[in-house]
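Reading through the structure tokens given below for one structure.
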Amino acid sequence: MKAVVMAGGEGTRLRPLTSNQPKPMVPIVGKPCMEHIVELLREHGFEDVIVTVAFLPQAIRGYFGDGESLGVHMEYSVEDAPLGTAGSVRLASDKLDETFLVISGDALCDFDLTRLVEFHRERGAAVTIGLKSVPNPLEFGIVVTDAEGRIERFLEKPSWGQVFSDTINTGVYVVEPGVLRHVPTDRPYDFSKELFPLLLEMGRPLYGYVMDGYWQDIGNLDQYRQANFDALDELVRLNVPGVRLRGNIWLGEGVDVDDLDGIQGPAFIGRYCRIAADATVGPHAVLDASVTLRERARVTRSVVDASTHLGRSVLIEGAIVGRSCDIRAHARIHEGVAVGDEVTIGAESVVMPGVRIYPYKEVESGAQIHESVIWESRGSSRLFGADGVTGLVNVDLTPEAAVRLGVALGTALKRGARVVASREAPPACRLVKRAMISGLISSGVEVSDLRVLPSPVNRHLVKSEGHEAGFHVGVSAAEPELVQIRLFEHPGIQLSAEMQKDVEKHYTRQELRRVSAGEVGEISYPARAAETYVQELLASLQVGAIRQRRFRLVVDYGYSAASFVLPLVLGPLGVEAVSAHAYGLEAPSGGTALRGLVGQVKRLVGAVGADLGVVFDRAAERMYLIDERGREIPVEQTLLLFLRLISNDDRRGKLAFPITVTSQVDRLVEGSGLEIVRTPASLAELTRTAAGDGVIFAGAVGGGYVFPEFLPAYDAVASLCKLLELLAPVERPLSQLVAELPASTLVHRQIPCPWTFKGYVMRVLTERLKEHRLDLTDGIKIFDERGWAQILPDPDEPLVHVYAEGRTQAESSELERELRGLIEQVLQEEGEPARTS
């Protein structure tokens, strides 16, 4: 006997789950609902299955194919226009020449279909309807039968006064093919509302058989969630994939669980899920394949679909989350929430009970969502952040995304352009770099692959050999799964805003250049890039003066590839170095903690009697200093130290600093031949200015320094060597030099501000402060007799920065409070409370 599975349902009440997939494909404990139905059919001997499809038919056909993997033979009947339940089966009537079974692909059940067919044949019925007794029949069609099971009456969604039975139509029928002749072909036609009442009126033998077992219509989100919970409670007999532990916990293949005690049954954890330390899977949690729970995340009474990433300390209770979502740290998703596929929920966001968020939306960090998000995104969708392109590996920065970014960069360049590639040590960086290279060469661009080398060597090759662009793949110091792709252009500076927009346009619109097989770019592997970098760096230094001083250093490489380069420089300079944490040593699994490395160098400096200690970041772009007494030099003081040494060296030229850097830099150069140039507070603008004529030094608070004569970019190796050159003629210990530097009174605060309010806040403040002396180079900088204060919107997060510097610390705090108060007042006027951090 053949079976017809009705799978044309659109499932409007199940949205957003069914916004981009048909209703029968919603997952129940690791499998589409329809797959459970097909397995039930096979169990009862139905091996020929016809599937009627309408909404997104390729999603079903692509998943099930010809049915061979499930042990059945599957054919498809596609509705071009809605035909109703009976009309869709009538469309497949040429394949139905004997008694057949009709069953819904989006209602979960475990009925004894064999007994239903036997009853049909025993009664000689034209149609037999599978019936089910339910406590509340009001939402269903009631079927009234006599003692023999013959149907006497139909009632569609009756009132309590019309309830003469508690048996409802389950949508499971055994049908003789001849009844399909009564189904018209020119309009939609329904089994229960039209065909069955017609057959009853004609006197045809219609029977109802009350079925034992489980049945659940998955018509809305509550029923969908309940069906998953019932499967965990074994109220329905299903073939649940995975190994069963402790009676009611199912673990799929390849699951990585830090501690099984963190899982409380009943629960289902699909294949390749990752459950980190201190993460908790609570009762009635269903995690589909490849879901990740980071440290301290908790899921309970919720269904989370495949490939979704839950960040640290995320809480999901009583909710439904779709495929490939990114739920970031400390987000809260409450009871009754439904989140569609590929949604990003920003860090510290709260989604209130009952909210629906439709697919492909982005909710900004810190947002509180009280209403459903259907059409608009509540967040920023920019590809480039402040420091390139950043994303979680295999979450938002997948190999596919990296390939697409590579093609977009190549498309923005001319065919045949040359790009330099490099990376840091972790395998995730290798994955992303190789994907980027594949995309680049597919667009007809040539790639010089430096493999593992610091980004300054990459930038230097871009500058020295005239390459059009370069990129370096590294990891975040705070988050080892967060990969950063830094992109730069000739002569080694950050990618310009215009170039970023061009790349982003090609990436988002997918207007990508694909070349023919003969034009695919080539990959070369420069053999002496590090040596060339070292030779040119040495040529820019006063080697004799440094050798004469005979420095002794402690160098912590921070696991960076600078350990391939710095020894080649320190040898000719006659510098004795004690080193730690070179490339090749395995970094801690939780990431490289900068504080810990600085603490170790402090102890080593005193132990070996070093002149100073230095710690590199993993990209070898920034450095952090420790004086000969083992005390850390704050990055603000290090910047002023460079400035004091340069001014004492009688050098002439321009010095570039962001507009947020302390005004002490202006006072330090008074009376010298040095000129201060202020730039917007971005690394791209700083390096672009540094590459200009006459600039001899640039820097910002954060450990990054630029000597443009050698390379107009942050470079920890070059910065250390230039510091040694400046210290060489000074016969005083580093601690004394730092003690003589002026103390900065600069204060910095962050105020949360939704993306939608940033422009409004800046406009209103500009209007209210127009009587003051303002600098609008970047944000709003206001001056008065006490000093200055500045508000600067953050380019990547929903917040604004407030900087203030007065003559004293008290005046700085006073300026900051005044400007913060203005911002909070504007936000409160618009009904958005502000929080300061």
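Scheme for the structure tokens: letters A, B, ... for chains in order shown; per-chain residue numbers from 1; ligand numbers from 1 in order shown.
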### Query
Could you pull the residues within 8 Å of A:Glu424, counting only C-alpha atoms, minus those fewer than 3 positions along the same chain, as a ChimeraX atom specification?
/A:429-430,452-454,472-475,560-561,618-619
Please, which residues of stretch 500-698 of chain A, numbered as in this document, come out strand (DSSP E or B) from DSSP, as an mmCIF file with all heavy atoms, in the first residue's frame?
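That gives us out25.cif:
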data_model
loop_
_atom_site.group_PDB
_atom_site.id
_atom_site.type_symbol
_atom_site.label_atom_id
_atom_site.label_comp_id
_atom_site.auth_asym_id
_atom_site.auth_seq_id
_atom_site.Cartn_x
_atom_site.Cartn_y
_atom_site.Cartn_z
ATOM 1 N N ILE A 523 49.899 31.651 -6.130
ATOM 2 C CA ILE A 523 50.362 31.840 -4.758
ATOM 3 C C ILE A 523 51.870 31.647 -4.729
ATOM 4 O O ILE A 523 52.383 30.626 -5.198
ATOM 5 C CB ILE A 523 49.698 30.841 -3.799
ATOM 6 C CG1 ILE A 523 48.170 30.910 -3.903
ATOM 7 C CG2 ILE A 523 50.136 31.117 -2.359
ATOM 8 C CD1 ILE A 523 47.453 29.837 -3.105
ATOM 9 N N SER A 524 52.579 32.630 -4.189
ATOM 10 C CA SER A 524 54.030 32.513 -4.030
ATOM 11 C C SER A 524 54.369 32.571 -2.542
ATOM 12 O O SER A 524 53.566 33.028 -1.732
ATOM 13 C CB SER A 524 54.755 33.630 -4.781
ATOM 14 O OG SER A 524 54.374 34.903 -4.273
ATOM 15 N N ARG A 552 70.670 45.125 28.459
ATOM 16 C CA ARG A 552 70.188 43.802 28.830
ATOM 17 C C ARG A 552 68.651 43.896 28.985
ATOM 18 O O ARG A 552 68.172 44.753 29.736
ATOM 19 C CB ARG A 552 70.809 43.330 30.139
ATOM 20 C CG ARG A 552 70.233 41.997 30.624
ATOM 21 C CD ARG A 552 70.866 41.559 31.921
ATOM 22 N NE ARG A 552 72.247 41.141 31.715
ATOM 23 C CZ ARG A 552 73.073 40.728 32.685
ATOM 24 N NH1 ARG A 552 72.632 40.705 33.939
ATOM 25 N NH2 ARG A 552 74.308 40.365 32.429
ATOM 26 N N LEU A 553 67.941 43.029 28.296
ATOM 27 C CA LEU A 553 66.480 43.097 28.261
ATOM 28 C C LEU A 553 65.855 41.785 28.701
ATOM 29 O O LEU A 553 66.471 40.725 28.587
ATOM 30 C CB LEU A 553 65.972 43.397 26.837
ATOM 31 C CG LEU A 553 66.554 44.566 26.065
ATOM 32 C CD1 LEU A 553 65.875 44.646 24.695
ATOM 33 C CD2 LEU A 553 66.374 45.855 26.833
ATOM 34 N N VAL A 554 64.617 41.890 29.168
ATOM 35 C CA VAL A 554 63.732 40.735 29.290
ATOM 36 C C VAL A 554 62.608 40.952 28.277
ATOM 37 O O VAL A 554 61.947 41.991 28.298
ATOM 38 C CB VAL A 554 63.152 40.590 30.703
ATOM 39 C CG1 VAL A 554 62.113 39.470 30.736
ATOM 40 C CG2 VAL A 554 64.265 40.313 31.709
ATOM 41 N N VAL A 555 62.435 39.985 27.377
ATOM 42 C CA VAL A 555 61.435 40.103 26.319
ATOM 43 C C VAL A 555 60.439 38.953 26.440
ATOM 44 O O VAL A 555 60.832 37.784 26.409
ATOM 45 C CB VAL A 555 62.074 40.068 24.914
ATOM 46 C CG1 VAL A 555 60.989 40.160 23.840
ATOM 47 C CG2 VAL A 555 63.077 41.199 24.767
ATOM 48 N N ASP A 556 59.174 39.289 26.604
ATOM 49 C CA ASP A 556 58.112 38.284 26.536
ATOM 50 C C ASP A 556 57.409 38.458 25.194
ATOM 51 O O ASP A 556 56.796 39.489 24.936
ATOM 52 C CB ASP A 556 57.117 38.449 27.676
ATOM 53 C CG ASP A 556 56.182 37.247 27.796
ATOM 54 O OD1 ASP A 556 55.544 36.906 26.787
ATOM 55 O OD2 ASP A 556 56.105 36.661 28.897
ATOM 56 N N GLU A 576 71.727 41.927 24.957
ATOM 57 C CA GLU A 576 71.540 40.639 25.622
ATOM 58 C C GLU A 576 70.067 40.538 26.047
ATOM 59 O O GLU A 576 69.551 41.439 26.709
ATOM 60 C CB GLU A 576 72.443 40.548 26.846
ATOM 61 C CG GLU A 576 72.302 39.237 27.606
ATOM 62 C CD GLU A 576 73.119 39.231 28.884
ATOM 63 O OE1 GLU A 576 73.937 40.159 29.083
ATOM 64 O OE2 GLU A 576 72.912 38.315 29.709
ATOM 65 N N ALA A 577 69.412 39.448 25.674
ATOM 66 C CA ALA A 577 67.981 39.332 25.946
ATOM 67 C C ALA A 577 67.662 37.990 26.588
ATOM 68 O O ALA A 577 68.138 36.940 26.148
ATOM 69 C CB ALA A 577 67.171 39.496 24.669
ATOM 70 N N VAL A 578 66.854 38.046 27.632
ATOM 71 C CA VAL A 578 66.250 36.857 28.222
ATOM 72 C C VAL A 578 64.802 36.821 27.730
ATOM 73 O O VAL A 578 64.050 37.777 27.934
ATOM 74 C CB VAL A 578 66.285 36.915 29.759
ATOM 75 C CG1 VAL A 578 65.551 35.708 30.355
ATOM 76 C CG2 VAL A 578 67.725 36.982 30.253
ATOM 77 N N SER A 579 64.426 35.761 27.053
ATOM 78 C CA SER A 579 63.116 35.737 26.393
ATOM 79 C C SER A 579 62.197 34.678 27.003
ATOM 80 O O SER A 579 62.659 33.712 27.619
ATOM 81 C CB SER A 579 63.273 35.484 24.896
ATOM 82 O OG SER A 579 63.849 34.221 24.653
ATOM 83 N N ALA A 580 60.906 34.893 26.784
ATOM 84 C CA ALA A 580 59.892 33.951 27.266
ATOM 85 C C ALA A 580 58.729 33.930 26.296
ATOM 86 O O ALA A 580 58.495 34.888 25.557
ATOM 87 C CB ALA A 580 59.406 34.361 28.659
ATOM 88 N N TYR A 583 57.052 32.028 19.896
ATOM 89 C CA TYR A 583 56.152 31.286 19.016
ATOM 90 C C TYR A 583 56.537 29.802 19.053
ATOM 91 O O TYR A 583 57.707 29.449 19.090
ATOM 92 C CB TYR A 583 56.252 31.794 17.585
ATOM 93 C CG TYR A 583 55.507 30.913 16.605
ATOM 94 C CD1 TYR A 583 54.135 31.010 16.461
ATOM 95 C CD2 TYR A 583 56.187 29.953 15.847
ATOM 96 C CE1 TYR A 583 53.449 30.183 15.588
ATOM 97 C CE2 TYR A 583 55.517 29.134 14.966
ATOM 98 C CZ TYR A 583 54.144 29.252 14.837
ATOM 99 O OH TYR A 583 53.461 28.438 13.977
ATOM 100 N N LEU A 585 55.476 27.765 21.468
ATOM 101 C CA LEU A 585 54.968 27.316 22.755
ATOM 102 C C LEU A 585 53.445 27.417 22.730
ATOM 103 O O LEU A 585 52.874 28.316 22.131
ATOM 104 C CB LEU A 585 55.530 28.188 23.883
ATOM 105 C CG LEU A 585 57.050 28.155 24.052
ATOM 106 C CD1 LEU A 585 57.472 29.147 25.121
ATOM 107 C CD2 LEU A 585 57.504 26.748 24.436
ATOM 108 N N LEU A 612 65.505 46.967 31.249
ATOM 109 C CA LEU A 612 64.059 47.122 31.092
ATOM 110 C C LEU A 612 63.470 45.795 30.623
ATOM 111 O O LEU A 612 64.190 44.906 30.159
ATOM 112 C CB LEU A 612 63.711 48.246 30.108
ATOM 113 C CG LEU A 612 64.219 48.116 28.663
ATOM 114 C CD1 LEU A 612 63.133 47.539 27.763
ATOM 115 C CD2 LEU A 612 64.637 49.475 28.130
ATOM 116 N N GLY A 613 62.169 45.692 30.751
ATOM 117 C CA GLY A 613 61.452 44.532 30.227
ATOM 118 C C GLY A 613 60.381 44.988 29.255
ATOM 119 O O GLY A 613 59.895 46.131 29.324
ATOM 120 N N VAL A 614 60.005 44.111 28.345
ATOM 121 C CA VAL A 614 59.001 44.458 27.341
ATOM 122 C C VAL A 614 58.124 43.230 27.071
ATOM 123 O O VAL A 614 58.621 42.098 27.043
ATOM 124 C CB VAL A 614 59.649 44.970 26.038
ATOM 125 C CG1 VAL A 614 60.543 43.897 25.418
ATOM 126 C CG2 VAL A 614 58.609 45.429 25.041
ATOM 127 N N VAL A 615 56.830 43.465 26.915
ATOM 128 C CA VAL A 615 55.867 42.412 26.575
ATOM 129 C C VAL A 615 55.214 42.785 25.260
ATOM 130 O O VAL A 615 54.741 43.926 25.089
ATOM 131 C CB VAL A 615 54.797 42.253 27.670
ATOM 132 C CG1 VAL A 615 53.773 41.192 27.262
ATOM 133 C CG2 VAL A 615 55.440 41.902 28.998
ATOM 134 N N PHE A 616 55.192 41.851 24.303
ATOM 135 C CA PHE A 616 54.535 42.075 23.014
ATOM 136 C C PHE A 616 53.122 41.486 23.046
ATOM 137 O O PHE A 616 52.865 40.490 23.738
ATOM 138 C CB PHE A 616 55.302 41.386 21.879
ATOM 139 C CG PHE A 616 56.622 42.039 21.540
ATOM 140 C CD1 PHE A 616 57.502 41.427 20.662
ATOM 141 C CD2 PHE A 616 56.985 43.257 22.086
ATOM 142 C CE1 PHE A 616 58.718 42.011 20.340
ATOM 143 C CE2 PHE A 616 58.205 43.864 21.774
ATOM 144 C CZ PHE A 616 59.069 43.230 20.902
ATOM 145 N N ARG A 622 51.860 45.912 19.399
ATOM 146 C CA ARG A 622 51.893 46.762 20.585
ATOM 147 C C ARG A 622 52.888 46.202 21.601
ATOM 148 O O ARG A 622 53.108 44.998 21.656
ATOM 149 C CB ARG A 622 50.498 46.847 21.214
ATOM 150 C CG ARG A 622 49.501 47.597 20.344
ATOM 151 C CD ARG A 622 48.085 47.447 20.893
ATOM 152 N NE ARG A 622 47.130 48.317 20.227
ATOM 153 C CZ ARG A 622 46.517 48.021 19.083
ATOM 154 N NH1 ARG A 622 46.768 46.877 18.471
ATOM 155 N NH2 ARG A 622 45.673 48.884 18.537
ATOM 156 N N MET A 623 53.460 47.103 22.395
ATOM 157 C CA MET A 623 54.401 46.663 23.424
ATOM 158 C C MET A 623 54.100 47.383 24.728
ATOM 159 O O MET A 623 53.567 48.496 24.757
ATOM 160 C CB MET A 623 55.841 46.915 22.992
ATOM 161 C CG MET A 623 56.252 48.363 22.948
ATOM 162 S SD MET A 623 58.022 48.529 22.634
ATOM 163 C CE MET A 623 58.262 50.269 22.997
ATOM 164 N N TYR A 624 54.475 46.711 25.833
ATOM 165 C CA TYR A 624 54.215 47.213 27.176
ATOM 166 C C TYR A 624 55.522 47.120 27.959
ATOM 167 O O TYR A 624 56.184 46.074 27.965
ATOM 168 C CB TYR A 624 53.105 46.402 27.832
ATOM 169 C CG TYR A 624 51.863 46.344 26.953
ATOM 170 C CD1 TYR A 624 51.704 45.315 26.018
ATOM 171 C CD2 TYR A 624 50.903 47.335 27.009
ATOM 172 C CE1 TYR A 624 50.598 45.279 25.181
ATOM 173 C CE2 TYR A 624 49.792 47.307 26.179
ATOM 174 C CZ TYR A 624 49.646 46.280 25.264
ATOM 175 O OH TYR A 624 48.563 46.255 24.425
ATOM 176 N N LEU A 625 55.895 48.231 28.644
ATOM 177 C CA LEU A 625 57.224 48.349 29.238
ATOM 178 C C LEU A 625 57.208 48.132 30.740
ATOM 179 O O LEU A 625 56.227 48.464 31.432
ATOM 180 C CB LEU A 625 57.801 49.736 28.955
ATOM 181 C CG LEU A 625 58.125 50.084 27.495
ATOM 182 C CD1 LEU A 625 58.708 51.487 27.418
ATOM 183 C CD2 LEU A 625 59.078 49.068 26.889
ATOM 184 N N ILE A 626 58.334 47.608 31.243
ATOM 185 C CA ILE A 626 58.591 47.448 32.676
ATOM 186 C C ILE A 626 59.960 48.062 32.935
ATOM 187 O O ILE A 626 60.923 47.792 32.194
ATOM 188 C CB ILE A 626 58.571 45.959 33.102
ATOM 189 C CG1 ILE A 626 57.152 45.388 33.012
ATOM 190 C CG2 ILE A 626 59.111 45.786 34.520
ATOM 191 C CD1 ILE A 626 56.795 44.822 31.679
ATOM 192 N N GLU A 632 55.631 48.263 36.189
ATOM 193 C CA GLU A 632 55.028 48.482 34.873
ATOM 194 C C GLU A 632 54.869 49.975 34.609
ATOM 195 O O GLU A 632 54.450 50.740 35.488
ATOM 196 C CB GLU A 632 53.653 47.798 34.789
ATOM 197 C CG GLU A 632 52.982 47.955 33.432
ATOM 198 C CD GLU A 632 51.608 47.299 33.384
ATOM 199 O OE1 GLU A 632 51.190 46.719 34.412
ATOM 200 O OE2 GLU A 632 50.963 47.377 32.326
ATOM 201 N N GLY A 653 60.217 67.869 13.020
ATOM 202 C CA GLY A 653 59.185 67.209 12.229
ATOM 203 C C GLY A 653 57.837 67.253 12.926
ATOM 204 O O GLY A 653 57.636 67.964 13.922
ATOM 205 N N LYS A 654 56.927 66.469 12.426
ATOM 206 C CA LYS A 654 55.561 66.433 12.948
ATOM 207 C C LYS A 654 55.339 65.169 13.769
ATOM 208 O O LYS A 654 55.912 64.109 13.470
ATOM 209 C CB LYS A 654 54.559 66.462 11.793
ATOM 210 C CG LYS A 654 54.646 67.703 10.916
ATOM 211 C CD LYS A 654 53.674 67.594 9.734
ATOM 212 C CE LYS A 654 53.798 68.809 8.817
ATOM 213 N NZ LYS A 654 52.908 68.687 7.635
ATOM 214 N N LEU A 655 54.488 65.311 14.777
ATOM 215 C CA LEU A 655 54.096 64.186 15.610
ATOM 216 C C LEU A 655 52.573 64.065 15.534
ATOM 217 O O LEU A 655 51.855 65.047 15.739
ATOM 218 C CB LEU A 655 54.505 64.411 17.068
ATOM 219 C CG LEU A 655 55.971 64.807 17.307
ATOM 220 C CD1 LEU A 655 56.177 65.142 18.778
ATOM 221 C CD2 LEU A 655 56.899 63.688 16.889
ATOM 222 N N ALA A 656 52.085 62.868 15.246
ATOM 223 C CA ALA A 656 50.639 62.663 15.051
ATOM 224 C C ALA A 656 50.046 61.908 16.230
ATOM 225 O O ALA A 656 50.569 60.854 16.631
ATOM 226 C CB ALA A 656 50.387 61.916 13.752
ATOM 227 N N PHE A 657 48.934 62.445 16.765
ATOM 228 C CA PHE A 657 48.227 61.809 17.872
ATOM 229 C C PHE A 657 46.721 61.941 17.659
ATOM 230 O O PHE A 657 46.247 62.952 17.137
ATOM 231 C CB PHE A 657 48.591 62.463 19.213
ATOM 232 C CG PHE A 657 50.058 62.435 19.531
ATOM 233 C CD1 PHE A 657 50.832 63.574 19.383
ATOM 234 C CD2 PHE A 657 50.657 61.268 19.966
ATOM 235 C CE1 PHE A 657 52.184 63.557 19.666
ATOM 236 C CE2 PHE A 657 52.014 61.236 20.259
ATOM 237 C CZ PHE A 657 52.783 62.381 20.103
ATOM 238 N N PRO A 658 45.953 60.955 18.104
ATOM 239 C CA PRO A 658 44.492 61.091 18.039
ATOM 240 C C PRO A 658 44.018 62.248 18.909
ATOM 241 O O PRO A 658 44.690 62.660 19.862
ATOM 242 C CB PRO A 658 43.985 59.750 18.580
ATOM 243 C CG PRO A 658 45.129 58.815 18.419
ATOM 244 C CD PRO A 658 46.368 59.634 18.596
ATOM 245 N N LEU A 674 59.270 70.620 17.062
ATOM 246 C CA LEU A 674 58.279 69.588 16.768
ATOM 247 C C LEU A 674 56.881 70.194 16.691
ATOM 248 O O LEU A 674 56.550 71.126 17.428
ATOM 249 C CB LEU A 674 58.309 68.505 17.852
ATOM 250 C CG LEU A 674 59.644 67.758 18.005
ATOM 251 C CD1 LEU A 674 59.621 66.875 19.249
ATOM 252 C CD2 LEU A 674 59.933 66.930 16.769
ATOM 253 N N GLU A 675 56.074 69.659 15.811
ATOM 254 C CA GLU A 675 54.708 70.141 15.600
ATOM 255 C C GLU A 675 53.722 68.998 15.853
ATOM 256 O O GLU A 675 53.895 67.902 15.335
ATOM 257 C CB GLU A 675 54.542 70.658 14.167
ATOM 258 C CG GLU A 675 53.122 71.068 13.812
ATOM 259 C CD GLU A 675 52.965 71.376 12.331
ATOM 260 O OE1 GLU A 675 53.995 71.428 11.612
ATOM 261 O OE2 GLU A 675 51.806 71.534 11.885
ATOM 262 N N ILE A 676 52.684 69.278 16.664
ATOM 263 C CA ILE A 676 51.674 68.278 16.967
ATOM 264 C C ILE A 676 50.562 68.340 15.929
ATOM 265 O O ILE A 676 50.019 69.409 15.641
ATOM 266 C CB ILE A 676 51.076 68.488 18.369
ATOM 267 C CG1 ILE A 676 52.177 68.398 19.443
ATOM 268 C CG2 ILE A 676 49.976 67.462 18.639
ATOM 269 C CD1 ILE A 676 52.812 67.040 19.564
ATOM 270 N N VAL A 677 50.212 67.164 15.375
ATOM 271 C CA VAL A 677 49.094 67.055 14.438
ATOM 272 C C VAL A 677 48.059 66.125 15.069
ATOM 273 O O VAL A 677 48.382 65.006 15.456
ATOM 274 C CB VAL A 677 49.547 66.481 13.074
ATOM 275 C CG1 VAL A 677 48.352 66.323 12.137
ATOM 276 C CG2 VAL A 677 50.616 67.362 12.454
ATOM 277 N N ARG A 678 46.823 66.619 15.179
ATOM 278 C CA ARG A 678 45.759 65.812 15.769
ATOM 279 C C ARG A 678 44.958 65.120 14.662
ATOM 280 O O ARG A 678 44.662 65.717 13.632
ATOM 281 C CB ARG A 678 44.817 66.685 16.597
ATOM 282 C CG ARG A 678 45.469 67.250 17.850
ATOM 283 C CD ARG A 678 45.659 66.190 18.907
ATOM 284 N NE ARG A 678 46.149 66.759 20.178
ATOM 285 C CZ ARG A 678 46.204 66.103 21.306
ATOM 286 N NH1 ARG A 678 45.803 64.827 21.350
ATOM 287 N NH2 ARG A 678 46.648 66.669 22.403
ATOM 288 N N THR A 679 44.591 63.846 14.919
ATOM 289 C CA THR A 679 43.840 63.065 13.945
ATOM 290 C C THR A 679 42.546 62.560 14.578
ATOM 291 O O THR A 679 42.424 62.527 15.801
ATOM 292 C CB THR A 679 44.651 61.842 13.458
ATOM 293 O OG1 THR A 679 44.662 60.849 14.508
ATOM 294 C CG2 THR A 679 46.074 62.223 13.100
ATOM 295 N N VAL A 695 56.201 63.596 8.990
ATOM 296 C CA VAL A 695 55.811 62.977 10.257
ATOM 297 C C VAL A 695 56.917 62.018 10.692
ATOM 298 O O VAL A 695 57.310 61.122 9.932
ATOM 299 C CB VAL A 695 54.472 62.242 10.129
ATOM 300 C CG1 VAL A 695 54.106 61.584 11.458
ATOM 301 C CG2 VAL A 695 53.370 63.202 9.704
ATOM 302 N N ILE A 696 57.429 62.197 11.904
ATOM 303 C CA ILE A 696 58.518 61.343 12.380
ATOM 304 C C ILE A 696 58.074 60.365 13.463
ATOM 305 O O ILE A 696 58.793 59.412 13.770
ATOM 306 C CB ILE A 696 59.702 62.186 12.894
ATOM 307 C CG1 ILE A 696 59.267 63.042 14.096
ATOM 308 C CG2 ILE A 696 60.263 63.053 11.777
ATOM 309 C CD1 ILE A 696 60.433 63.737 14.786
ATOM 310 N N PHE A 697 56.881 60.618 14.060
ATOM 311 C CA PHE A 697 56.404 59.722 15.118
ATOM 312 C C PHE A 697 54.891 59.879 15.235
ATOM 313 O O PHE A 697 54.346 60.970 15.035
ATOM 314 C CB PHE A 697 57.062 60.050 16.466
ATOM 315 C CG PHE A 697 56.555 59.227 17.622
ATOM 316 C CD1 PHE A 697 56.917 57.896 17.755
ATOM 317 C CD2 PHE A 697 55.704 59.779 18.572
ATOM 318 C CE1 PHE A 697 56.446 57.130 18.829
ATOM 319 C CE2 PHE A 697 55.224 59.033 19.641
ATOM 320 C CZ PHE A 697 55.606 57.703 19.764
ATOM 321 N N ALA A 698 54.233 58.772 15.555
ATOM 322 C CA ALA A 698 52.793 58.802 15.844
ATOM 323 C C ALA A 698 52.509 57.749 16.907
ATOM 324 O O ALA A 698 53.236 56.759 17.031
ATOM 325 C CB ALA A 698 51.978 58.522 14.581
#
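For the atom pair formed by atom CA of A:Ala700 and atom CA of A:Ile782, the distance is 20.4 Å, given to one decimal.
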## Note on the structure
Of A:Glu504, A:Glu489, A:Asp48, A:Glu152, the one sitting nearest A:Val4 when using only C-alpha atoms is A:Asp48
### Message
Based on the backbone DSSP call, show me all residues of stretch 62-305 of chain A assigned alpha helix (DSSP H), as a ChimeraX atom specification.
### Response
/A:62-64,84-91,113-123,196-202,221-232
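Interatomic distance, atom CA of A:Phe757 to atom CA of A:Leu827: 7.7 Å.
Across A:Ser349, A:Ser663, A:Gln809, A:Gln736, the tightest approach to A:Phe783 is made by A:Ser663 when counting only C-alpha atoms.
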### Task
Would you mind listing what lies within 10 Å of stretch 384-390 of chain A as a PyMOL selection string, with only C-alpha atoms counted and same-chain residues fewer than 6 positions away left out?
chain A and resi 396-397+402+405+471-476+482-488+494-495+497+500-501+503-504+681-684+794-797
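For the pair atom CA of A:Arg434 and atom CA of A:Val407, the interatomic distance is 12.4 Å.
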Using only C-alpha atoms, I'd like a table of the residues in stretch 445-555 of chain A that come within 8 Å of stretch 565-572 of chain A; for each, show the closest atom pair and its distance in Å rounded to one decimal, ordered by chain and ascending number, as a Markdown table.
| residue | atom | partner | partner_atom | distance |
| --- | --- | --- | --- | --- |
| A:Ala530 | CA | A:Val565 | CA | 6.4 |
| A:Glu531 | CA | A:Val565 | CA | 7.9 |
| A:Val534 | CA | A:Val569 | CA | 6.1 |
| A:Leu538 | CA | A:Val569 | CA | 7.0 |
| A:Val543 | CA | A:Pro572 | CA | 7.7 |
| A:Arg547 | CA | A:Pro572 | CA | 7.9 |
Store the residues picked out above in a file with N, CA and C atoms, as a compact mmCIF listing (two decimals), in the first residue's frame.
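Final file, out.txt:
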# COMPACT_ATOMS: atom_id res chain seq x y z
N ALA A 530 61.39 38.11 6.17
CA ALA A 530 61.84 38.51 7.51
C ALA A 530 63.24 39.10 7.47
N GLU A 531 64.13 38.50 6.69
CA GLU A 531 65.51 39.01 6.59
C GLU A 531 65.54 40.41 5.98
N VAL A 534 64.48 42.86 8.58
CA VAL A 534 65.55 43.10 9.56
C VAL A 534 66.62 44.00 8.99
N LEU A 538 67.60 47.64 10.61
CA LEU A 538 68.96 47.95 11.09
C LEU A 538 69.53 49.17 10.38
N VAL A 543 73.22 51.91 14.96
CA VAL A 543 73.64 50.63 15.50
C VAL A 543 74.81 50.77 16.48
N ARG A 547 74.96 49.49 20.37
CA ARG A 547 75.94 48.46 20.76
C ARG A 547 76.79 48.94 21.93
